[in-house]
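These notes are about the structure you will find just below.
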Amino acid sequence: MSGITRRGFVKGAALAPLALNPLSSLAQQTPKTDRFDVVVAGAGHNSLVTAAYLAKAGFRCVVLEGRPTVGGGVKSAQFTLRGFIHDTCSSAHNGMQENPLIRDNEINLGDYGLEYIFPDPVFHMPFLDGAYITQWRDPERTRAEFAKINKKDGDTYWRMWKESETIQSNSKFWQRRLAMSHWDIIRDNFEDEHCRSFMLACPWSQQPPQFPMTGRVAYSAFNQQRHSRPLPKGGSGKLTEALARFIEAHGGVILTNKPVARLIVEGGKCTGVECADGSAYHAEKAVLSTIHIKHLVDMAPKDLWGPDFIDGVETWQPEFQMMSTNYATSEPIKYPTADGMISPVHSELLINPARALRFAYDYTIGAVNTENPPVHIIQTSVADPTRAPAGMHTIKVVGYHPYDLKEGPKHWDNIKEEVADATLKFIQRYAPNLTNDKILEREVMSPLDLERMNPHNWHGSCHAGGSGPSQSGAMRPMPGWANYRMPIPGLYQTGGTTAPGGSVTGLPGRNAAIVMLKDLGTSIEDVVGKKQNKTS
Ligand SMILES: Cc1cc2nc3c(=O)[nH]c(=O)nc-3n(C[C@H](O)[C@H](O)[C@H](O)COP(=O)(O)OP(=O)(O)OC[C@H]3O[C@@H](n4cnc5c(N)ncnc54)[C@H](O)[C@@H]3O)c2cc1C
């Protein structure tokens with residue numbers, strides 16, 4: 001890493017195993033039997049959510065994770081230096097807050113170590129001309145931040161905040177707006193370029209803002225106005241650790257380093273899986289997969305899937321990818337404001353709206369564009385001091401670049417450090433306090449590395465695939481197969497390839513539980529002691 005000192009800290013990678021998650025070394029307890037009610041292939045948060053409800057219902061589950069640690073995109077580890085706890089992928093768990101699992105505390109994950117922190121300020125956007133906008137938990141205070149730049153835009157923020165309360169309704173108002181593009185809505189409603197930039201990048205969406213049917217994203221700033229950007233105390237992985245502990249406490253077994261290689265099909269029904277090491281696990285009742293559909297389809301004879309399913313897999317598109325760099329630092333990033341320096345957990349750099357509109361073009365031509373790159377910065381240690389040694393910090397920098405380079409994805413191995421250096425230089429223009437000597441270590445993950453880390457991040461797609469109209473709702477993963485039941489009887493699918501898609505929402509997981517419990521002769525209402533509950 002160019003020009004960066006290490007100052008005597010111990011590099012985590014040299015001390016393997018330093019994975020934080022105790023479930024990494026999990027009790028590779030040999031199960032007493034290789035027969036279970038339900039076999040779960042893959043341990044992302046969604047499949048763990050499904051397994052948790054099934055285990056609570058009394059079904060004996062075995063979860064087989066291919067990697068050394070459970071969690072997929074919801075993991076934390078000390079992979080720079082000892083004592084610095086980084087989120088390997090996700091940090092903000094917004095989507096989980098509206099899932100009844102958390103909202104209604106359906107399975108009491110607090111008893112298994114999950115506790116959320118709700119940062120305030122929520123989000124900050126500085127500009128090179130000295131302007132800035134901060135989103136605070138108090139919506140009136142956020143409105144005032146917009147109003148100090150443009151009075152009318154302050155009023156617009158407030159009006160759209162109120163409108164967002166009705167977004168679930170199927171009114172004509174929402175039919176039109178959800179079909180519009182994110183950019184159309186922002187351009188039509190906000191006047192000032194700073195305010196427009198904020199509304200384009202708060203939070204940044206993987207979908208280009210000028211694409212049709214992205215109108216919902218124009219309102220996503222209000223989701224975080226409502227919930228902040230919640231962080232599990234101790235690391236993102238605390239969610240999946242809690243789920244895994246819950247499953248074990250309810251008779252389930254979790255095995256890591258168990259990549260699933262084949263589906264066992266007997267009498268036309270999926271009855272288990274075979275792992276790459278030759279071990280086989282048999283399911284008395286059902287098999288649940290969170291293996292990417294691009295890989296799943298090769299795990300059973302083609303004729304069992306049917307032509308529509310195969311076509312749906314072949315036409316599946318990746319998303320607009322990202323890269324992630326984790327820094328261990330001796331100081332957080334500080335931005336100047338009228339009231340002094342501010343060190344927010346979340347900030348975004350977007351030089352102007354035109355730069356956001358350029359993003360789709362760079363992807364289309366397979367180019368890495370490091371000129372004024374849009375960047376999302378997350379400093380979890382600011383709100384959660386358990387993430388780093390006293391006075392130290394963890395900083396994650398997410399950039400947006402294509403996986404499929406003109407030179408091929410492998411070219412990422414040649415350029416990723418250079419791209420991270422250029423991004424750091426850009427950040428230093430906004431935050432001059434982050435000089436190179438404050439950086440103790442870093443780990444750069446290119447879109448290709450993110451796929452290597454987790455095969456579910458197919459082609460670097462950290463939400464499993466694109467979420468445009470052709471892969472949303474009843475078309476996720478493909479028309480006809482959006483109800484979590486797969487074409488092979490006995491096989492179910494959850495995770496980011498299923499509705500409503502990627503991110504840390506747990507909704508594909510809970511929805512799959514609803515369907516499986518029904519097929520198994522019970523219901524989620526019975527399991528959680530509620531009268532009525534529909535798929536979310
Ligand atoms: C850098 C980065 C930052 C992100 N930030 C956020 C954020 O702040 N907020 C947010 O909501 N989302 C964020 N995301 C996205 C989010 O992490 C994912 O969309 C989400 O975790 C996906 O969960 P999942 O349950 O669908 O599957 P995954 O988490 O992908 O889990 C799938 C699991 O299945 C396992 N698996 C796959 N194939 C096999 C096999 N054959 N055998 C056995 N196991 C297998 C994998 O190893 C993995 O553990 C981010 C992603 C990245 C990469």
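Each chain of the structure tokens is named A, B, ... in the order shown, its residues numbered from 1; ligands are numbered from 1 in display order.
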Give as a JSON list (two decimals) with all heavy atoms, in the first residue's frame the residues surrounding ligand 1 up to a distance of 7 Å, considering only C-alpha atoms and all ligand atoms.
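Here's the written file part_15.json:
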[["chain", "number", "residue", "atom", "x", "y", "z"],
["A", 41, "ALA", "N", -29.01, -24.90, 2.50],
["A", 41, "ALA", "CA", -27.73, -24.77, 1.77],
["A", 41, "ALA", "C", -27.35, -23.30, 1.70],
["A", 41, "ALA", "O", -27.97, -22.51, 0.98],
["A", 41, "ALA", "CB", -27.88, -25.34, 0.37],
["A", 42, "GLY", "N", -26.32, -22.91, 2.47],
["A", 42, "GLY", "CA", -25.88, -21.51, 2.52],
["A", 42, "GLY", "C", -26.40, -20.83, 3.77],
["A", 42, "GLY", "O", -27.54, -21.07, 4.18],
["A", 43, "ALA", "N", -25.55, -20.00, 4.39],
["A", 43, "ALA", "CA", -25.93, -19.35, 5.66],
["A", 43, "ALA", "C", -25.80, -17.84, 5.57],
["A", 43, "ALA", "O", -25.07, -17.21, 6.33],
["A", 43, "ALA", "CB", -25.11, -19.90, 6.81],
["A", 44, "GLY", "N", -26.51, -17.23, 4.61],
["A", 44, "GLY", "CA", -26.67, -15.77, 4.62],
["A", 44, "GLY", "C", -27.75, -15.42, 5.63],
["A", 44, "GLY", "O", -28.39, -16.31, 6.21],
["A", 45, "HIS", "N", -27.97, -14.10, 5.84],
["A", 45, "HIS", "CA", -28.94, -13.77, 6.88],
["A", 45, "HIS", "C", -30.34, -14.26, 6.52],
["A", 45, "HIS", "O", -31.11, -14.66, 7.39],
["A", 45, "HIS", "CB", -28.92, -12.27, 7.20],
["A", 45, "HIS", "CG", -29.65, -11.41, 6.23],
["A", 45, "HIS", "ND1", -29.19, -11.12, 4.97],
["A", 45, "HIS", "CD2", -30.86, -10.77, 6.33],
["A", 45, "HIS", "CE1", -30.06, -10.33, 4.34],
["A", 45, "HIS", "NE2", -31.07, -10.12, 5.16],
["A", 46, "ASN", "N", -30.68, -14.26, 5.22],
["A", 46, "ASN", "CA", -32.04, -14.68, 4.84],
["A", 46, "ASN", "C", -32.30, -16.15, 5.13],
["A", 46, "ASN", "O", -33.34, -16.49, 5.70],
["A", 46, "ASN", "CB", -32.28, -14.38, 3.35],
["A", 46, "ASN", "CG", -32.65, -12.93, 3.14],
["A", 46, "ASN", "OD1", -33.62, -12.43, 3.71],
["A", 46, "ASN", "ND2", -31.87, -12.22, 2.33],
["A", 47, "SER", "N", -31.36, -17.02, 4.73],
["A", 47, "SER", "CA", -31.61, -18.45, 4.97],
["A", 47, "SER", "C", -31.58, -18.74, 6.47],
["A", 47, "SER", "O", -32.29, -19.63, 6.95],
["A", 47, "SER", "CB", -30.61, -19.31, 4.20],
["A", 47, "SER", "OG", -29.29, -18.90, 4.47],
["A", 64, "LEU", "N", -25.79, -25.65, 6.10],
["A", 64, "LEU", "CA", -24.47, -25.97, 5.53],
["A", 64, "LEU", "C", -23.92, -24.73, 4.84],
["A", 64, "LEU", "O", -24.47, -24.29, 3.83],
["A", 64, "LEU", "CB", -24.60, -27.10, 4.51],
["A", 64, "LEU", "CG", -25.26, -28.38, 5.05],
["A", 64, "LEU", "CD1", -25.64, -29.31, 3.90],
["A", 64, "LEU", "CD2", -24.33, -29.08, 6.04],
["A", 65, "GLU", "N", -22.87, -24.15, 5.38],
["A", 65, "GLU", "CA", -22.28, -22.94, 4.80],
["A", 65, "GLU", "C", -20.95, -23.33, 4.13],
["A", 65, "GLU", "O", -20.12, -23.99, 4.74],
["A", 65, "GLU", "CB", -22.06, -21.89, 5.90],
["A", 65, "GLU", "CG", -21.17, -20.72, 5.51],
["A", 65, "GLU", "CD", -21.61, -19.97, 4.24],
["A", 65, "GLU", "OE1", -22.83, -19.72, 4.09],
["A", 65, "GLU", "OE2", -20.74, -19.68, 3.41],
["A", 66, "GLY", "N", -20.77, -22.83, 2.91],
["A", 66, "GLY", "CA", -19.57, -23.17, 2.15],
["A", 66, "GLY", "C", -18.30, -22.51, 2.66],
["A", 66, "GLY", "O", -17.20, -23.04, 2.51],
["A", 67, "ARG", "N", -18.44, -21.34, 3.27],
["A", 67, "ARG", "CA", -17.29, -20.58, 3.73],
["A", 67, "ARG", "C", -16.96, -20.94, 5.19],
["A", 67, "ARG", "O", -17.76, -21.58, 5.86],
["A", 67, "ARG", "CB", -17.57, -19.07, 3.61],
["A", 67, "ARG", "CG", -18.02, -18.62, 2.22],
["A", 67, "ARG", "CD", -16.95, -18.78, 1.19],
["A", 67, "ARG", "NE", -15.80, -17.96, 1.53],
["A", 67, "ARG", "CZ", -14.61, -18.05, 0.94],
["A", 67, "ARG", "NH1", -14.42, -18.95, -0.01],
["A", 67, "ARG", "NH2", -13.63, -17.26, 1.29],
["A", 70, "VAL", "N", -20.31, -18.22, 9.02],
["A", 70, "VAL", "CA", -21.70, -17.98, 8.59],
["A", 70, "VAL", "C", -21.89, -16.49, 8.35],
["A", 70, "VAL", "O", -21.10, -15.66, 8.82],
["A", 70, "VAL", "CB", -22.73, -18.47, 9.64],
["A", 70, "VAL", "CG1", -22.59, -19.94, 9.91],
["A", 70, "VAL", "CG2", -22.67, -17.65, 10.93],
["A", 71, "GLY", "N", -22.93, -16.12, 7.63],
["A", 71, "GLY", "CA", -23.31, -14.70, 7.54],
["A", 71, "GLY", "C", -23.34, -14.12, 6.14],
["A", 71, "GLY", "O", -24.03, -13.13, 5.92],
["A", 72, "GLY", "N", -22.57, -14.64, 5.19],
["A", 72, "GLY", "CA", -22.56, -14.07, 3.83],
["A", 72, "GLY", "C", -22.24, -12.60, 3.87],
["A", 72, "GLY", "O", -21.16, -12.20, 4.34],
["A", 73, "GLY", "N", -23.17, -11.76, 3.42],
["A", 73, "GLY", "CA", -22.95, -10.30, 3.39],
["A", 73, "GLY", "C", -23.19, -9.63, 4.73],
["A", 73, "GLY", "O", -23.16, -8.40, 4.81],
["A", 74, "VAL", "N", -23.43, -10.40, 5.77],
["A", 74, "VAL", "CA", -23.69, -9.83, 7.10],
["A", 74, "VAL", "C", -22.69, -10.45, 8.08],
["A", 74, "VAL", "O", -23.00, -11.36, 8.85],
["A", 74, "VAL", "CB", -25.16, -10.09, 7.53],
["A", 74, "VAL", "CG1", -25.47, -9.41, 8.86],
["A", 74, "VAL", "CG2", -26.12, -9.57, 6.46],
["A", 88, "THR", "N", -17.51, -6.86, 6.73],
["A", 88, "THR", "CA", -16.95, -7.29, 5.43],
["A", 88, "THR", "C", -17.81, -6.77, 4.27],
["A", 88, "THR", "O", -17.27, -6.50, 3.21],
["A", 88, "THR", "CB", -16.85, -8.82, 5.35],
["A", 88, "THR", "OG1", -18.11, -9.35, 5.70],
["A", 88, "THR", "CG2", -15.81, -9.36, 6.30],
["A", 89, "CYS", "N", -19.12, -6.65, 4.47],
["A", 89, "CYS", "CA", -20.01, -6.11, 3.42],
["A", 89, "CYS", "C", -20.93, -5.08, 4.06],
["A", 89, "CYS", "O", -20.54, -3.95, 4.23],
["A", 89, "CYS", "CB", -20.81, -7.22, 2.75],
["A", 89, "CYS", "SG", -19.79, -8.39, 1.85],
["A", 90, "SER", "N", -22.14, -5.49, 4.43],
["A", 90, "SER", "CA", -23.15, -4.54, 4.91],
["A", 90, "SER", "C", -22.78, -3.96, 6.28],
["A", 90, "SER", "O", -22.07, -4.60, 7.07],
["A", 90, "SER", "CB", -24.50, -5.24, 5.04],
["A", 90, "SER", "OG", -24.43, -6.23, 6.05],
["A", 91, "SER", "N", -23.30, -2.75, 6.52],
["A", 91, "SER", "CA", -23.22, -2.14, 7.85],
["A", 91, "SER", "C", -24.60, -1.69, 8.32],
["A", 91, "SER", "O", -24.98, -1.93, 9.45],
["A", 91, "SER", "CB", -22.29, -0.91, 7.83],
["A", 91, "SER", "OG", -20.97, -1.30, 7.58],
["A", 92, "ALA", "N", -25.35, -1.00, 7.43],
["A", 92, "ALA", "CA", -26.63, -0.41, 7.82],
["A", 92, "ALA", "C", -27.76, -1.41, 7.60],
["A", 92, "ALA", "O", -27.92, -1.93, 6.49],
["A", 92, "ALA", "CB", -26.89, 0.85, 7.00],
["A", 93, "HIS", "N", -28.54, -1.66, 8.66],
["A", 93, "HIS", "CA", -29.62, -2.65, 8.58],
["A", 93, "HIS", "C", -30.97, -1.97, 8.51],
["A", 93, "HIS", "O", -31.86, -2.28, 9.30],
["A", 93, "HIS", "CB", -29.55, -3.60, 9.78],
["A", 93, "HIS", "CG", -28.38, -4.53, 9.78],
["A", 93, "HIS", "ND1", -28.27, -5.61, 10.61],
["A", 93, "HIS", "CD2", -27.25, -4.54, 9.02],
["A", 93, "HIS", "CE1", -27.12, -6.26, 10.37],
["A", 93, "HIS", "NE2", -26.48, -5.61, 9.41],
["A", 94, "ASN", "N", -31.16, -1.07, 7.57],
["A", 94, "ASN", "CA", -32.44, -0.35, 7.47],
["A", 94, "ASN", "C", -33.61, -1.27, 7.19],
["A", 94, "ASN", "O", -34.65, -1.19, 7.83],
["A", 94, "ASN", "CB", -32.37, 0.72, 6.38],
["A", 94, "ASN", "CG", -31.55, 1.88, 6.84],
["A", 94, "ASN", "OD1", -30.35, 1.74, 7.02],
["A", 94, "ASN", "ND2", -32.19, 3.00, 7.08],
["A", 95, "GLY", "N", -33.42, -2.12, 6.17],
["A", 95, "GLY", "CA", -34.53, -2.98, 5.74],
["A", 95, "GLY", "C", -35.04, -3.87, 6.86],
["A", 95, "GLY", "O", -36.24, -4.18, 6.92],
["A", 258, "LYS", "N", -18.64, -26.16, 4.26],
["A", 258, "LYS", "CA", -19.44, -27.23, 3.65],
["A", 258, "LYS", "C", -20.06, -26.73, 2.34],
["A", 258, "LYS", "O", -21.29, -26.54, 2.26],
["A", 258, "LYS", "CB", -20.56, -27.66, 4.62],
["A", 258, "LYS", "CG", -20.11, -28.54, 5.75],
["A", 258, "LYS", "CD", -19.96, -29.97, 5.26],
["A", 258, "LYS", "CE", -19.51, -30.90, 6.37],
["A", 258, "LYS", "NZ", -19.18, -32.24, 5.84],
["A", 259, "PRO", "N", -19.25, -26.47, 1.31],
["A", 259, "PRO", "CA", -19.86, -26.03, 0.05],
["A", 259, "PRO", "C", -20.75, -27.14, -0.54],
["A", 259, "PRO", "O", -20.31, -28.28, -0.66],
["A", 259, "PRO", "CB", -18.66, -25.73, -0.86],
["A", 259, "PRO", "CG", -17.46, -26.29, -0.19],
["A", 259, "PRO", "CD", -17.78, -26.53, 1.25],
["A", 260, "VAL", "N", -21.96, -26.76, -0.86],
["A", 260, "VAL", "CA", -22.90, -27.73, -1.45],
["A", 260, "VAL", "C", -22.61, -27.81, -2.95],
["A", 260, "VAL", "O", -22.48, -26.79, -3.62],
["A", 260, "VAL", "CB", -24.35, -27.29, -1.17],
["A", 260, "VAL", "CG1", -25.34, -28.11, -1.99],
["A", 260, "VAL", "CG2", -24.64, -27.38, 0.33],
["A", 261, "ALA", "N", -22.49, -29.05, -3.45],
["A", 261, "ALA", "CA", -22.11, -29.23, -4.86],
["A", 261, "ALA", "C", -23.24, -29.83, -5.69],
["A", 261, "ALA", "O", -23.24, -29.69, -6.92],
["A", 261, "ALA", "CB", -20.88, -30.15, -4.93],
["A", 290, "THR", "N", -29.96, -21.01, -0.64],
["A", 290, "THR", "CA", -29.68, -19.61, -0.94],
["A", 290, "THR", "C", -28.43, -19.56, -1.84],
["A", 290, "THR", "O", -27.71, -18.58, -1.87],
["A", 290, "THR", "CB", -29.54, -18.76, 0.35],
["A", 290, "THR", "OG1", -29.52, -17.39, 0.01],
["A", 290, "THR", "CG2", -28.29, -19.11, 1.13],
["A", 291, "ILE", "N", -28.26, -20.65, -2.56],
["A", 291, "ILE", "CA", -27.20, -20.73, -3.58],
["A", 291, "ILE", "C", -27.66, -19.88, -4.76],
["A", 291, "ILE", "O", -28.85, -19.89, -5.11],
["A", 291, "ILE", "CB", -27.00, -22.20, -4.00],
["A", 291, "ILE", "CG1", -26.49, -23.02, -2.80],
["A", 291, "ILE", "CG2", -26.08, -22.33, -5.20],
["A", 291, "ILE", "CD1", -26.54, -24.51, -3.01],
["A", 292, "HIS", "N", -26.75, -19.15, -5.37],
["A", 292, "HIS", "CA", -27.17, -18.30, -6.49],
["A", 292, "HIS", "C", -27.81, -19.15, -7.59],
["A", 292, "HIS", "O", -27.32, -20.24, -7.90],
["A", 292, "HIS", "CB", -25.97, -17.53, -7.05],
["A", 292, "HIS", "CG", -26.41, -16.35, -7.84],
["A", 292, "HIS", "ND1", -26.92, -16.46, -9.12],
["A", 292, "HIS", "CD2", -26.50, -15.04, -7.52],
["A", 292, "HIS", "CE1", -27.27, -15.26, -9.56],
["A", 292, "HIS", "NE2", -27.03, -14.38, -8.60],
["A", 322, "MET", "N", -19.98, -2.75, -6.93],
["A", 322, "MET", "CA", -19.21, -1.83, -6.10],
["A", 322, "MET", "C", -17.90, -2.47, -5.69],
["A", 322, "MET", "O", -17.69, -3.66, -5.85],
["A", 322, "MET", "CB", -20.00, -1.40, -4.88],
["A", 322, "MET", "CG", -20.70, -2.47, -4.11],
["A", 322, "MET", "SD", -21.67, -1.69, -2.80],
["A", 322, "MET", "CE", -22.84, -2.94, -2.42],
["A", 323, "MET", "N", -17.01, -1.62, -5.16],
["A", 323, "MET", "CA", -15.79, -2.13, -4.52],
["A", 323, "MET", "C", -15.75, -1.54, -3.11],
["A", 323, "MET", "O", -16.39, -0.51, -2.85],
["A", 323, "MET", "CB", -14.53, -1.80, -5.30],
["A", 323, "MET", "CG", -14.13, -0.36, -5.33],
["A", 323, "MET", "SD", -12.60, -0.12, -6.26],
["A", 323, "MET", "CE", -11.34, -0.51, -5.03],
["A", 324, "SER", "N", -15.02, -2.20, -2.24],
["A", 324, "SER", "CA", -15.05, -1.79, -0.84],
["A", 324, "SER", "C", -13.64, -1.81, -0.27],
["A", 324, "SER", "O", -12.91, -2.78, -0.47],
["A", 324, "SER", "CB", -15.96, -2.79, -0.10],
["A", 324, "SER", "OG", -15.86, -2.63, 1.27],
["A", 398, "VAL", "N", -16.88, 2.76, 0.11],
["A", 398, "VAL", "CA", -17.52, 2.01, -0.97],
["A", 398, "VAL", "C", -17.53, 2.87, -2.22],
["A", 398, "VAL", "O", -18.00, 4.01, -2.20],
["A", 398, "VAL", "CB", -18.96, 1.58, -0.57],
["A", 398, "VAL", "CG1", -19.65, 0.90, -1.74],
["A", 398, "VAL", "CG2", -18.93, 0.67, 0.65],
["A", 450, "LEU", "N", -15.14, -9.49, -4.15],
["A", 450, "LEU", "CA", -16.41, -9.68, -3.44],
["A", 450, "LEU", "C", -17.10, -10.96, -3.92],
["A", 450, "LEU", "O", -17.74, -11.67, -3.15],
["A", 450, "LEU", "CB", -17.31, -8.46, -3.62],
["A", 450, "LEU", "CG", -16.82, -7.20, -2.89],
["A", 450, "LEU", "CD1", -17.59, -5.95, -3.31],
["A", 450, "LEU", "CD2", -16.89, -7.37, -1.37],
["A", 454, "ASN", "N", -17.77, -14.58, -1.70],
["A", 454, "ASN", "CA", -19.11, -15.12, -1.52],
["A", 454, "ASN", "C", -19.68, -15.40, -2.91],
["A", 454, "ASN", "O", -20.01, -14.48, -3.65],
["A", 454, "ASN", "CB", -19.97, -14.09, -0.77],
["A", 454, "ASN", "CG", -21.42, -14.49, -0.64],
["A", 454, "ASN", "OD1", -21.85, -15.53, -1.16],
["A", 454, "ASN", "ND2", -22.20, -13.67, 0.04],
["A", 455, "PRO", "N", -19.84, -16.69, -3.26],
["A", 455, "PRO", "CA", -20.31, -17.00, -4.63],
["A", 455, "PRO", "C", -21.72, -16.45, -4.91],
["A", 455, "PRO", "O", -22.12, -16.35, -6.07],
["A", 455, "PRO", "CB", -20.29, -18.53, -4.67],
["A", 455, "PRO", "CG", -20.19, -18.99, -3.26],
["A", 455, "PRO", "CD", -19.56, -17.88, -2.47],
["A", 456, "HIS", "N", -22.45, -16.10, -3.84],
["A", 456, "HIS", "CA", -23.78, -15.51, -4.04],
["A", 456, "HIS", "C", -23.68, -14.10, -4.63],
["A", 456, "HIS", "O", -24.64, -13.58, -5.20],
["A", 456, "HIS", "CB", -24.50, -15.49, -2.68],
["A", 456, "HIS", "CG", -25.98, -15.32, -2.76],
["A", 456, "HIS", "ND1", -26.64, -14.33, -2.08],
["A", 456, "HIS", "CD2", -26.93, -15.98, -3.44],
["A", 456, "HIS", "CE1", -27.93, -14.41, -2.32],
["A", 456, "HIS", "NE2", -28.14, -15.41, -3.14],
["A", 457, "ASN", "N", -22.48, -13.48, -4.51],
["A", 457, "ASN", "CA", -22.25, -12.16, -5.13],
["A", 457, "ASN", "C", -21.86, -12.39, -6.59],
["A", 457, "ASN", "O", -20.78, -12.00, -7.04],
["A", 457, "ASN", "CB", -21.11, -11.41, -4.42],
["A", 457, "ASN", "CG", -21.47, -10.98, -3.02],
["A", 457, "ASN", "OD1", -22.64, -10.87, -2.67],
["A", 457, "ASN", "ND2", -20.46, -10.75, -2.19],
["A", 462, "CYS", "N", -23.66, -7.58, -5.33],
["A", 462, "CYS", "CA", -23.79, -7.76, -3.88],
["A", 462, "CYS", "C", -25.24, -7.84, -3.44],
["A", 462, "CYS", "O", -25.53, -8.04, -2.26],
["A", 462, "CYS", "CB", -23.06, -6.64, -3.16],
["A", 462, "CYS", "SG", -21.33, -6.73, -3.59],
["A", 463, "HIS", "N", -26.15, -7.68, -4.39],
["A", 463, "HIS", "CA", -27.56, -7.91, -4.10],
["A", 463, "HIS", "C", -28.04, -9.06, -4.99],
["A", 463, "HIS", "O", -29.20, -9.11, -5.37],
["A", 463, "HIS", "CB", -28.37, -6.64, -4.33],
["A", 463, "HIS", "CG", -27.91, -5.50, -3.46],
["A", 463, "HIS", "ND1", -26.84, -4.70, -3.79],
["A", 463, "HIS", "CD2", -28.35, -5.05, -2.26],
["A", 463, "HIS", "CE1", -26.64, -3.80, -2.84],
["A", 463, "HIS", "NE2", -27.53, -4.00, -1.88],
["A", 464, "ALA", "N", -27.11, -9.93, -5.36],
["A", 464, "ALA", "CA", -27.36, -11.16, -6.13],
["A", 464, "ALA", "C", -27.64, -10.91, -7.62],
["A", 464, "ALA", "O", -27.49, -11.81, -8.44],
["A", 464, "ALA", "CB", -28.47, -12.00, -5.51],
["A", 495, "GLY", "N", -33.12, -15.68, -0.18],
["A", 495, "GLY", "CA", -31.94, -14.84, -0.41],
["A", 495, "GLY", "C", -32.19, -13.81, -1.49],
["A", 495, "GLY", "O", -33.32, -13.65, -2.01],
["A", 496, "GLY", "N", -31.12, -13.11, -1.84],
["A", 496, "GLY", "CA", -31.22, -11.96, -2.74],
["A", 496, "GLY", "C", -31.74, -12.25, -4.12],
["A", 496, "GLY", "O", -32.21, -11.34, -4.81],
["A", 497, "THR", "N", -31.70, -13.53, -4.58],
["A", 497, "THR", "CA", -32.26, -13.80, -5.92],
["A", 497, "THR", "C", -33.79, -13.86, -5.87],
["A", 497, "THR", "O", -34.43, -13.95, -6.90],
["A", 497, "THR", "CB", -31.73, -15.12, -6.52],
["A", 497, "THR", "OG1", -32.10, -16.21, -5.68],
["A", 497, "THR", "CG2", -30.22, -15.08, -6.73],
["A", 502, "GLY", "N", -32.03, -8.15, -2.75],
["A", 502, "GLY", "CA", -30.88, -8.07, -1.84],
["A", 502, "GLY", "C", -31.04, -7.01, -0.77],
["A", 502, "GLY", "O", -32.13, -6.47, -0.57],
["A", 503, "SER", "N", -29.95, -6.71, -0.08],
["A", 503, "SER", "CA", -29.87, -5.83, 1.09],
["A", 503, "SER", "C", -30.25, -6.61, 2.34],
["A", 503, "SER", "O", -30.78, -7.73, 2.25],
["A", 503, "SER", "CB", -30.80, -4.60, 0.99],
["A", 503, "SER", "OG", -30.31, -3.72, 0.02],
["A", 504, "VAL", "N", -29.99, -5.96, 3.47],
["A", 504, "VAL", "CA", -30.25, -6.64, 4.74],
["A", 504, "VAL", "C", -31.67, -6.30, 5.17],
["A", 504, "VAL", "O", -31.91, -5.36, 5.93],
["A", 504, "VAL", "CB", -29.22, -6.22, 5.81],
["A", 504, "VAL", "CG1", -29.41, -7.06, 7.07],
["A", 504, "VAL", "CG2", -27.81, -6.38, 5.28],
["A", 505, "THR", "N", -32.63, -7.07, 4.63],
["A", 505, "THR", "CA", -34.03, -6.86, 4.98],
["A", 505, "THR", "C", -34.60, -8.07, 5.71],
["A", 505, "THR", "O", -35.60, -7.96, 6.40],
["A", 505, "THR", "CB", -34.90, -6.65, 3.72],
["A", 505, "THR", "OG1", -34.95, -7.89, 2.99],
["A", 505, "THR", "CG2", -34.35, -5.55, 2.82]]
If you run DSSP over the backbone, which residues in region 218-357 of chain A end up strand (DSSP E)? Put them as a PyMOL selection string.
chain A and resi 231-232+253-255+260-266+269-275+280-289+323-329+335-337+340-342+346-349
Residues of region 36-89 of chain A within 7 Å of region 226-236 of chain A: nearest atom pair and distance (Å, one decimal) for each, counting only C-alpha atoms, sorted by chain and number, as a Markdown table?
| residue | atom | partner | partner_atom | distance |
| --- | --- | --- | --- | --- |
| A:Val74 | CA | A:Ser236 | CA | 5.6 |
| A:Lys75 | CA | A:Ser236 | CA | 5.6 |
| A:Ser76 | CA | A:Gly235 | CA | 5.5 |
| A:Ile85 | CA | A:Gly235 | CA | 6.8 |
| A:Asp87 | CA | A:Ser236 | CA | 5.8 |
Mind dumping the selected residues with N, CA and C atoms as a PDB file, in the first residue's frame?
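Here's the written file again30.pdb:
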ATOM      1  N   VAL A  74     -23.431 -10.402   5.769  1.00  0.00           N
ATOM      2  CA  VAL A  74     -23.691  -9.830   7.102  1.00  0.00           C
ATOM      3  C   VAL A  74     -22.691 -10.445   8.085  1.00  0.00           C
ATOM      4  N   LYS A  75     -21.455  -9.982   7.986  1.00  0.00           N
ATOM      5  CA  LYS A  75     -20.348 -10.554   8.758  1.00  0.00           C
ATOM      6  C   LYS A  75     -19.422  -9.444   9.212  1.00  0.00           C
ATOM      7  N   SER A  76     -18.690  -9.697  10.271  1.00  0.00           N
ATOM      8  CA  SER A  76     -17.660  -8.757  10.715  1.00  0.00           C
ATOM      9  C   SER A  76     -16.407  -9.553  11.036  1.00  0.00           C
ATOM     10  N   ILE A  85     -12.631  -4.074  14.175  1.00  0.00           N
ATOM     11  CA  ILE A  85     -13.706  -4.962  13.719  1.00  0.00           C
ATOM     12  C   ILE A  85     -14.390  -4.323  12.507  1.00  0.00           C
ATOM     13  N   ASP A  87     -16.879  -4.482   9.049  1.00  0.00           N
ATOM     14  CA  ASP A  87     -17.989  -5.178   8.403  1.00  0.00           C
ATOM     15  C   ASP A  87     -17.497  -5.570   7.015  1.00  0.00           C
TER      16      ASP A  87
END
Would you mind listing what lies within 9 Å of His182 (chain A) as a ChimeraX atom specification, with only C-alpha atoms counted and same-chain residues fewer than 3 positions away left out?
/A:177-178,185-187,200,208-219
Excluding Leu434 (chain A) and residues on its chain fewer than 6 positions from it, collect all residues at most 8 Å away from it, counting only C-alpha atoms, and give them as a ChimeraX atom specification.
/A:331-334,428
